[in-house]
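File shown: my_file-v7.txt (compact mmCIF, C-alpha atoms and all ligand atoms).
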# COMPACT_ATOMS: atom_id res chain seq x y z
CA MET L 1 -6.55 -19.45 -4.34
CA PHE L 2 -5.43 -17.06 -1.63
CA LEU L 3 -7.23 -13.81 -0.83
CA SER L 4 -5.24 -10.86 0.54
CA ILE L 5 -7.23 -7.91 1.88
CA ASP L 6 -5.35 -4.63 2.31
CA ALA L 7 -7.39 -2.00 4.16
CA GLY L 8 -5.64 1.34 3.72
CA ASN L 9 -6.85 4.84 4.51
CA SER L 10 -8.18 5.42 0.96
CA ASN L 11 -8.90 1.97 -0.45
CA VAL L 12 -9.71 -1.54 0.70
CA VAL L 13 -8.00 -3.77 -1.86
CA PHE L 14 -8.99 -7.41 -2.44
CA GLY L 15 -6.33 -9.39 -4.33
CA PHE L 16 -6.82 -12.98 -5.48
CA TYR L 17 -3.69 -15.08 -5.93
CA ASP L 18 -3.74 -18.12 -8.18
CA PRO L 19 -0.73 -20.39 -7.55
CA ARG L 20 -1.29 -22.18 -10.88
CA ASP L 21 -0.13 -19.17 -12.89
CA ASP L 22 1.48 -17.16 -10.03
CA GLN L 23 -0.78 -14.17 -10.81
CA TRP L 24 -2.64 -11.62 -8.66
CA GLU L 25 -5.83 -11.39 -10.66
CA PRO L 26 -8.36 -9.93 -10.16
CA VAL L 27 -7.48 -7.06 -7.82
CA ILE L 28 -10.53 -5.10 -6.67
CA ARG L 29 -10.66 -1.73 -4.90
CA LEU L 30 -13.41 -0.31 -2.72
CA GLU L 31 -13.31 3.15 -1.16
CA THR L 32 -12.48 2.73 2.53
CA GLN L 33 -15.00 5.36 3.67
CA ARG L 34 -17.86 3.55 1.93
CA ALA L 35 -16.65 0.07 2.84
CA MET L 36 -16.88 0.99 6.55
CA GLU L 37 -20.61 0.37 6.20
CA LEU L 38 -21.25 -3.37 6.64
CA ARG L 39 -24.13 -3.52 4.15
CA TYR L 40 -22.09 -1.85 1.40
CA LEU L 41 -19.12 -4.14 2.04
CA GLN L 42 -21.23 -7.31 2.11
CA LYS L 43 -23.17 -6.31 -1.02
CA ASN L 44 -19.99 -5.71 -3.01
CA VAL L 45 -18.35 -8.94 -1.92
CA ASP L 46 -21.54 -10.90 -2.70
CA LEU L 47 -21.81 -9.20 -6.08
CA PHE L 48 -18.20 -10.04 -6.86
CA PHE L 49 -18.68 -13.76 -6.23
CA LEU L 50 -21.96 -13.73 -8.14
CA GLU L 51 -20.37 -12.23 -11.25
CA SER L 52 -16.91 -13.79 -11.06
CA SER L 53 -15.89 -17.25 -12.18
CA ILE L 54 -14.09 -17.60 -8.82
CA LYS L 55 -16.09 -19.75 -6.43
CA PRO L 56 -15.93 -19.02 -2.68
CA THR L 57 -14.94 -22.66 -2.14
CA ALA L 58 -11.80 -22.11 -4.24
CA ILE L 59 -10.40 -19.70 -1.60
CA THR L 60 -8.13 -21.73 0.69
CA GLY L 61 -6.82 -18.89 2.87
CA VAL L 62 -7.50 -15.25 3.71
CA GLY L 63 -5.14 -12.67 5.23
CA ILE L 64 -6.04 -9.13 6.25
CA SER L 65 -3.81 -6.11 6.81
CA SER L 66 -5.65 -3.10 8.14
CA VAL L 67 -4.39 0.33 9.19
CA VAL L 68 -8.01 1.38 9.76
CA PRO L 69 -9.06 -0.46 12.97
CA GLU L 70 -12.71 0.69 12.66
CA ILE L 71 -13.19 -1.61 9.65
CA ASN L 72 -11.64 -4.79 11.10
CA GLU L 73 -14.74 -6.40 12.60
CA ASN L 74 -16.76 -5.89 9.41
CA LEU L 75 -14.02 -7.38 7.24
CA LYS L 76 -13.84 -10.46 9.46
CA LYS L 77 -17.65 -10.76 9.44
CA VAL L 78 -17.89 -10.59 5.66
CA VAL L 79 -15.12 -13.17 5.17
CA LYS L 80 -16.89 -15.48 7.61
CA SER L 81 -20.33 -15.13 5.99
CA SER L 82 -19.17 -15.27 2.34
CA LEU L 83 -16.24 -17.68 2.54
CA HIS L 84 -17.17 -19.69 5.65
CA GLN L 85 -13.69 -19.38 7.11
CA ASP L 86 -11.72 -17.20 9.50
CA ALA L 87 -9.32 -14.66 8.04
CA HIS L 88 -5.92 -14.09 9.63
CA LEU L 89 -5.97 -10.45 10.74
CA ILE L 90 -2.33 -9.36 10.97
CA THR L 91 -1.41 -8.01 14.42
CA GLU L 92 1.91 -7.44 16.15
CA ARG L 93 1.76 -11.09 17.27
CA SER L 94 1.89 -12.12 13.60
CA TYR L 95 5.39 -10.58 13.33
CA ARG L 96 7.04 -13.02 15.76
CA HIS L 97 8.20 -15.73 13.39
CA LEU L 98 8.96 -13.73 10.25
CA PRO L 99 12.25 -13.39 8.40
CA VAL L 100 11.73 -9.62 8.87
CA THR L 101 11.80 -8.06 12.32
CA THR L 102 10.98 -4.71 13.88
CA LYS L 103 11.96 -3.19 17.22
CA ARG L 104 8.54 -1.49 17.52
CA PRO L 105 5.92 -4.11 16.56
CA ALA L 106 3.09 -2.37 18.43
CA GLU L 107 3.46 0.78 16.36
CA MET L 108 4.44 -0.42 12.93
CA GLY L 109 1.59 -0.42 10.39
CA SER L 110 0.80 -3.91 9.11
CA ASP L 111 0.85 -2.66 5.51
CA LEU L 112 4.44 -1.48 6.04
CA MET L 113 5.37 -4.81 7.63
CA ALA L 114 3.75 -6.63 4.70
CA ASN L 115 5.76 -4.47 2.29
CA ALA L 116 8.95 -5.23 4.22
CA ALA L 117 8.22 -8.98 4.27
CA ALA L 118 7.55 -9.12 0.53
CA ALA L 119 10.54 -6.98 -0.47
CA TYR L 120 12.96 -8.90 1.78
CA HIS L 121 11.56 -12.21 0.54
CA HIS L 122 12.25 -11.10 -3.02
CA TYR L 123 15.73 -9.57 -2.59
CA GLN L 124 16.99 -11.49 0.47
CA SER L 125 19.12 -8.43 1.20
CA HIS L 126 18.93 -4.78 2.23
CA CYS L 127 16.16 -2.86 0.51
CA ILE L 128 13.91 0.20 0.73
CA VAL L 129 10.17 0.16 0.00
CA VAL L 130 8.55 3.39 -1.17
CA ASP L 131 4.73 3.18 -0.83
CA PHE L 132 2.71 5.84 -2.64
CA GLY L 133 -0.58 5.65 -0.69
CA THR L 134 -2.61 8.12 1.37
CA ALA L 135 0.69 8.51 3.15
CA LEU L 136 3.96 8.34 1.22
CA THR L 137 6.18 6.00 3.22
CA PHE L 138 9.77 4.79 3.05
CA THR L 139 10.63 1.55 4.87
CA VAL L 140 14.31 0.67 5.25
CA ILE L 141 15.26 -3.00 5.77
CA ASP L 142 18.81 -4.20 6.40
CA GLY L 143 20.57 -7.36 5.13
CA GLN L 144 19.41 -9.37 8.16
CA GLY L 145 15.75 -8.43 7.56
CA GLU L 146 15.54 -5.90 10.38
CA VAL L 147 13.41 -2.85 9.69
CA LEU L 148 15.80 -0.01 10.48
CA GLY L 149 13.08 2.62 10.26
CA VAL L 150 10.23 4.29 8.41
CA ASN L 151 9.61 7.79 7.03
CA ILE L 152 6.05 9.11 6.66
CA VAL L 153 4.97 12.18 4.67
CA PRO L 154 1.58 13.16 3.21
CA GLY L 155 0.89 11.25 -0.01
CA LEU L 156 0.51 13.12 -3.30
CA LYS L 157 -3.29 13.18 -3.32
CA THR L 158 -3.37 13.99 0.39
CA ALA L 159 -1.13 17.01 -0.13
CA LEU L 160 -3.19 18.10 -3.12
CA LYS L 161 -6.45 17.73 -1.21
CA SER L 162 -5.17 19.69 1.78
CA LEU L 163 -4.04 22.51 -0.50
CA PHE L 164 -7.49 22.62 -2.11
CA MET L 165 -9.29 22.44 1.24
CA ASN L 166 -7.20 25.07 3.00
CA THR L 167 -7.32 27.77 0.32
CA SER L 168 -10.19 29.77 -1.15
CA LYS L 169 -8.90 30.21 -4.68
CA LEU L 170 -6.97 27.03 -5.49
CA PRO L 171 -8.87 24.31 -7.40
CA GLU L 172 -8.40 20.53 -7.16
CA VAL L 173 -6.38 19.46 -10.19
CA SER L 174 -5.57 16.15 -11.87
CA LEU L 175 -2.26 14.50 -11.06
CA GLU L 176 -0.38 14.79 -14.34
CA VAL L 177 3.28 15.70 -14.75
CA PRO L 178 3.34 18.94 -16.80
CA ASP L 179 6.04 19.54 -19.41
CA SER L 180 7.51 22.51 -17.57
CA ALA L 181 8.49 22.76 -13.90
CA ILE L 182 7.63 26.48 -14.02
CA GLY L 183 3.88 26.96 -13.55
CA LYS L 184 2.22 29.11 -16.22
CA ASN L 185 -1.33 29.26 -14.77
CA THR L 186 -2.92 28.24 -11.49
CA VAL L 187 -3.69 24.63 -12.47
CA HIS L 188 -0.25 24.19 -14.02
CA SER L 189 1.39 25.84 -10.98
CA ILE L 190 -0.16 23.28 -8.63
CA GLN L 191 0.62 20.33 -10.92
CA ALA L 192 4.21 21.47 -11.34
CA GLY L 193 4.54 22.16 -7.62
CA ILE L 194 3.17 18.80 -6.49
CA LEU L 195 4.64 16.57 -9.19
CA TYR L 196 8.12 18.07 -9.56
CA GLY L 197 8.19 18.82 -5.84
CA TYR L 198 7.35 15.23 -4.84
CA ALA L 199 9.86 13.81 -7.33
CA GLY L 200 12.46 15.93 -5.53
CA LEU L 201 11.16 14.82 -2.14
CA VAL L 202 11.51 11.15 -3.07
CA LYS L 203 15.01 11.61 -4.53
CA GLY L 204 16.10 13.71 -1.54
CA MET L 205 14.68 11.24 0.98
CA LEU L 206 16.37 8.28 -0.73
CA GLN L 207 19.68 10.19 -0.79
CA ALA L 208 19.37 11.11 2.90
CA ILE L 209 18.73 7.43 3.75
CA ARG L 210 21.66 6.31 1.56
CA ASN L 211 23.94 8.73 3.44
CA GLU L 212 23.25 6.79 6.64
CA VAL L 213 23.66 3.24 5.33
CA PRO L 214 26.77 1.71 3.83
CA GLU L 215 25.50 -0.54 1.06
CA ASN L 216 23.66 0.01 -2.18
CA PHE L 217 20.07 -0.77 -1.20
CA LYS L 218 17.57 -2.19 -3.69
CA ILE L 219 14.59 0.12 -4.04
CA VAL L 220 11.05 -1.07 -4.77
CA ALA L 221 8.02 1.19 -5.25
CA THR L 222 4.39 0.27 -4.62
CA GLY L 223 1.00 1.88 -3.83
CA GLY L 224 -1.88 3.23 -5.89
CA LEU L 225 0.07 6.31 -6.93
CA SER L 226 3.40 4.64 -7.73
CA LYS L 227 3.05 5.16 -11.48
CA ILE L 228 2.19 8.86 -11.36
CA LEU L 229 5.67 10.27 -10.89
CA THR L 230 6.82 9.25 -14.35
CA ASN L 231 9.87 11.47 -13.81
CA LEU L 232 11.09 9.04 -11.08
CA LYS L 233 11.32 5.88 -13.17
CA GLY L 234 15.10 5.52 -12.95
CA GLU L 235 15.09 5.71 -9.14
CA PHE L 236 13.51 2.29 -8.58
CA ASP L 237 14.85 -1.20 -9.22
CA GLN L 238 11.25 -2.39 -9.41
CA VAL L 239 7.67 -1.11 -9.30
CA ASP L 240 5.37 -3.80 -7.89
CA LYS L 241 1.78 -2.73 -7.40
CA ASN L 242 0.98 -6.03 -5.66
CA LEU L 243 3.79 -5.88 -3.08
CA THR L 244 1.51 -5.36 -0.05
CA LEU L 245 -0.83 -8.17 -1.19
CA LYS L 246 2.19 -10.50 -1.52
CA GLY L 247 3.39 -9.56 1.98
CA ILE L 248 -0.03 -10.21 3.50
CA LYS L 249 0.05 -13.70 1.99
CA LEU L 250 3.59 -14.35 3.30
CA ILE L 251 2.77 -13.19 6.84
CA THR L 252 -0.44 -15.24 6.90
CA GLU L 253 1.43 -18.36 5.74
CA HIS L 254 4.04 -17.87 8.47
CA ASN L 255 1.19 -17.86 10.99
CA SER L 256 -0.73 -20.92 9.89
N1 LIG G 301 -4.63 2.95 -10.57
C1 LIG G 301 -4.79 4.12 -9.92
N2 LIG G 301 -4.72 5.31 -10.60
C2 LIG G 301 -4.87 6.48 -9.96
N3 LIG G 301 -5.10 6.60 -8.66
C3 LIG G 301 -5.17 5.48 -7.95
C4 LIG G 301 -5.02 4.18 -8.53
N4 LIG G 301 -5.15 3.27 -7.57
C5 LIG G 301 -5.36 3.96 -6.44
N5 LIG G 301 -5.39 5.27 -6.67
C6 LIG G 301 -5.56 6.34 -5.68
O1 LIG G 301 -4.30 6.47 -5.06
C7 LIG G 301 -4.46 6.84 -3.69
C8 LIG G 301 -3.68 5.90 -2.84
O2 LIG G 301 -4.22 4.62 -2.98
P1 LIG G 301 -3.70 3.42 -2.11
O3 LIG G 301 -2.27 3.17 -2.41
O4 LIG G 301 -4.63 2.28 -2.26
O5 LIG G 301 -3.80 4.08 -0.66
P2 LIG G 301 -4.08 3.49 0.77
O6 LIG G 301 -3.22 2.27 0.90
O7 LIG G 301 -3.68 4.59 1.67
O8 LIG G 301 -5.54 3.17 0.84
C9 LIG G 301 -5.95 6.85 -3.45
O9 LIG G 301 -6.41 8.20 -3.53
C10 LIG G 301 -6.52 6.03 -4.59
O10 LIG G 301 -7.84 6.43 -4.89
C1 LIG G 302 1.75 5.10 7.69
C2 LIG G 302 0.33 4.66 7.38
C3 LIG G 302 -0.64 5.76 7.78
C4 LIG G 302 0.20 4.41 5.87
O1 LIG G 302 -1.16 4.21 5.53
P1 LIG G 302 -1.68 4.18 3.99
O2 LIG G 302 -1.06 5.30 3.26
O3 LIG G 302 -1.23 2.85 3.45
O4 LIG G 302 -3.17 4.27 4.10
C5 LIG G 302 0.00 3.31 8.12
O5 LIG G 302 0.95 2.35 7.82
C6 LIG G 302 -0.08 3.49 9.63
O6 LIG G 302 -1.09 3.93 10.15
N1 LIG G 302 1.02 3.14 10.34
C7 LIG G 302 1.14 3.25 11.77
C8 LIG G 302 2.37 4.07 12.16
C9 LIG G 302 3.69 3.48 11.72
O7 LIG G 302 3.74 2.62 10.86
O8 LIG G 302 4.72 3.89 12.27
K K G 303 -1.29 0.76 1.76
Do you think you could lay out the structure here as structure tokens?
Ligand SMILES: Nc1ncnc2c1ncn2[C@@H]1O[C@H](COP(=O)(O)OP(=O)(O)O)[C@@H](O)[C@H]1O
Ligand SMILES: CC(C)(COP(=O)(O)O)[C@@H](O)C(=O)NCCC(=O)O
Ligand SMILES: [K+]
Amino acid sequence: MFLSIDAGNSNVVFGFYDPRDDQWEPVIRLETQRAMELRYLQKNVDLFFLESSIKPTAITGVGISSVVPEINENLKKVVKSSLHQDAHLITERSYRHLPVTTKRPAEMGSDLMANAAAAYHHYQSHCIVVDFGTALTFTVIDGQGEVLGVNIVPGLKTALKSLFMNTSKLPEVSLEVPDSAIGKNTVHSIQAGILYGYAGLVKGMLQAIRNEVPENFKIVATGGLSKILTNLKGEFDQVDKNLTLKGIKLITEHNS
């Protein structure tokens, strides 16, 4: 089995890949803020292996993508102590021999590079990845596998949280698409604003990208919040919640 670890700004995701049935199962999420503490991280990993039928010795490789540098050392430590092996932590050096390339390796988030690698591996042609995480990102890859560029905007929950934190009277609301785009009370007004507004943002961003590229790009969505904008279904060729995990595995394999 292969273990991909995806440390994002909200969640650290552990995904176990079994080549026998080509499945990512189980996929476990810890809150990044809590997982920063070594004891909490170690306890949860230990507990997982204690309760799971997966034995540490069954893990033949480990790859880590992290966009939260403060957690890197602890992740490597826990992999070493629980699995008795070294994880491949993806850095800009890991990008050298990939089918996907970027002109700014030092800057490009490894989760975005993992997304690009997995999407290009799947389509073998030009594609756009939309990642609904803490940040909402668009990564544009051309037919030769070159990352043409990235767009970054606040993710849905991030926008919602900042609205709640920066106002006195607005409450935090659940992320559900309301029936009407016209808000009828405060909660509904925020839900309609965020959910219809972000659907428009995604459509508008994809259109603006399409205006600058000749071909009909394949579009794949991923990220913890990719299923929330139910009003966007038709925009994507595919929704793959495991895309980043798959990319981490691909990049690690290219480096071993
Ligand atoms: N299945 C889910 N349903 C609802 N919210 C989710 C789900 N999975 C993740 N989230 C939330 O979505 C947000 C983005 O998650 P994620 O894509 O893992 O972000 P990041 O990569 O930035 O850590 C987080 O607030 C997370 O708690
Ligand atoms: C854009 C991101 C903040 C997304 O993080 P996430 O939403 O996955 O937590 C992350 O990929 C990052 O820190 N990137 C570095 C800047 C760049 O990619 O251009
Ligand atoms: K991510």
One residue among L:Val187, L:Pro214, L:Asn242, L:Thr60 is nearest to Pro26 in chain L when using all atoms listed in the file, and that residue is L:Asn242
Using all atoms of ligand LIG 301 (chain G) that appear in the file, construct an axis-aligned enclosing box with 8 Å of padding on every side and provide its centre coordinates and edge lengths in Å, rounded to one decimal, as AutoDock Vina command-line options.
--center_x -5.1 --center_y 5.2 --center_z -4.5 --size_x 21.6 --size_y 21.9 --size_z 28.3
Computed interatomic separation between atom K of ligand K 303 (chain G) and CA of Asp142 in chain L (Å):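 Atom-to-atom, atom K of ligand K 303 (chain G) to CA of Asp142 in chain L, that is 21.2 Å.
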Could you list, as a VMD selection string, all the residues within 7 Å of ligand LIG 301 (chain G), counting only C-alpha atoms and all ligand atoms? chain L and resid 7 to 13 132 to 135 157 223 to 225
Within 6 Å of range 82-89 of chain L using only C-alpha atoms, minus same-chain residues under 3 positions, as a ChimeraX atom specification: /L:56,62-64,78-79
Smallest atom-to-atom distance to ligand K 303 (chain G): which of L:Val202, L:Leu98, L:Ala118, L:Val67, using all atoms listed in the file? L:Val67
If you count all atoms listed in the file, which residues fall within 9 Å of Ser65 in chain L, apart from same-chain ones fewer than 5 positions away, as a list in words? Ser4, Ile5, Asp6, Ala7, Gly8, His88, Leu89, Ile90, Thr91, Gly109, Ser110, Asp111, Ala114, Thr244, Leu245 and Ile248 of chain L
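When all atoms listed in the file are used to compute distances to Ile28 in chain L, the closest of the residues L:Val129, L:Leu50, L:Val177, L:Leu3 turns out to be L:Leu3.
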Can you measure CA of Ile228 in chain L to CA of Leu156 in chain L for me? One decimal in Å is fine. 9.3 Å
Can you tell me, as a PyMOL selection string, what residues are no more than 12 Å from Lys169 in chain L when counting only C-alpha atoms, ignoring any on the same chain fewer than 4 positions away? chain L and resi 163-165+186-187+190
Which of these, L:Phe236, L:Phe48, L:Tyr95, L:Phe138, has the shortest distance to ligand LIG 302 (chain G) once you count all atoms listed in the file?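 The answer is L:Phe138, which sits nearest to ligand LIG 302 (chain G).
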Within 9 Å of file point (6.5, 6.4, 10.2), counting only C-alpha atoms, expressed as a PDB file with C-alpha atoms, in the frame of the given file:
ATOM      1  CA  GLU L 107       3.460   0.780  16.360  1.00  0.00           C
ATOM      2  CA  MET L 108       4.440  -0.420  12.930  1.00  0.00           C
ATOM      3  CA  GLY L 109       1.590  -0.420  10.390  1.00  0.00           C
ATOM      4  CA  THR L 137       6.180   6.000   3.220  1.00  0.00           C
ATOM      5  CA  PHE L 138       9.770   4.790   3.050  1.00  0.00           C
ATOM      6  CA  THR L 139      10.630   1.550   4.870  1.00  0.00           C
ATOM      7  CA  GLY L 149      13.080   2.620  10.260  1.00  0.00           C
ATOM      8  CA  VAL L 150      10.230   4.290   8.410  1.00  0.00           C
ATOM      9  CA  ASN L 151       9.610   7.790   7.030  1.00  0.00           C
ATOM     10  CA  ILE L 152       6.050   9.110   6.660  1.00  0.00           C
ATOM     11  CA  VAL L 153       4.970  12.180   4.670  1.00  0.00           C
TER      12      VAL L 153
END
Do a neighbour search on Gln23 in chain L at 12 Å with only C-alpha atoms, toss out local chain neighbours closer than 2 positions, and write the hits as an mmCIF file with C-alpha atoms, in the coordinates of the input.
data_model
loop_
_atom_site.group_PDB
_atom_site.id
_atom_site.type_symbol
_atom_site.label_atom_id
_atom_site.label_comp_id
_atom_site.auth_asym_id
_atom_site.auth_seq_id
_atom_site.Cartn_x
_atom_site.Cartn_y
_atom_site.Cartn_z
ATOM 1 C CA MET L 1 -6.550 -19.450 -4.340
ATOM 2 C CA PHE L 2 -5.430 -17.060 -1.630
ATOM 3 C CA LEU L 3 -7.230 -13.810 -0.830
ATOM 4 C CA GLY L 15 -6.330 -9.390 -4.330
ATOM 5 C CA PHE L 16 -6.820 -12.980 -5.480
ATOM 6 C CA TYR L 17 -3.690 -15.080 -5.930
ATOM 7 C CA ASP L 18 -3.740 -18.120 -8.180
ATOM 8 C CA PRO L 19 -0.730 -20.390 -7.550
ATOM 9 C CA ARG L 20 -1.290 -22.180 -10.880
ATOM 10 C CA ASP L 21 -0.130 -19.170 -12.890
ATOM 11 C CA GLU L 25 -5.830 -11.390 -10.660
ATOM 12 C CA PRO L 26 -8.360 -9.930 -10.160
ATOM 13 C CA VAL L 27 -7.480 -7.060 -7.820
ATOM 14 C CA ASN L 242 0.980 -6.030 -5.660
ATOM 15 C CA LEU L 245 -0.830 -8.170 -1.190
ATOM 16 C CA LYS L 246 2.190 -10.500 -1.520
#
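When CA of Ile141 in chain L is paired with CA of Ile128 in chain L, their separation reads 6.1 Å.
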List the residues sitting within 10 Å of (-16.5, -1.0, 1.1) in the file's frame, using only C-alpha atoms, as JSON, numbers by chain. {"L": [7, 11, 12, 13, 29, 30, 31, 32, 33, 34, 35, 36, 37, 38, 39, 40, 41, 42, 43, 44, 45, 71, 74, 75]}
Nearest residue to ligand K 303 (chain G) out of L:Ser168, L:Asp22, L:Gly145, L:Val68, using all atoms listed in the file? L:Val68
Measuring between all atoms listed in the file, which one of L:Gln191, L:Asn115, L:Thr158, L:Asn185 shows the shortest distance to ligand K 303 (chain G)?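 Once distances to ligand K 303 (chain G) are computed over all atoms listed in the file, the minimum belongs to L:Asn115.
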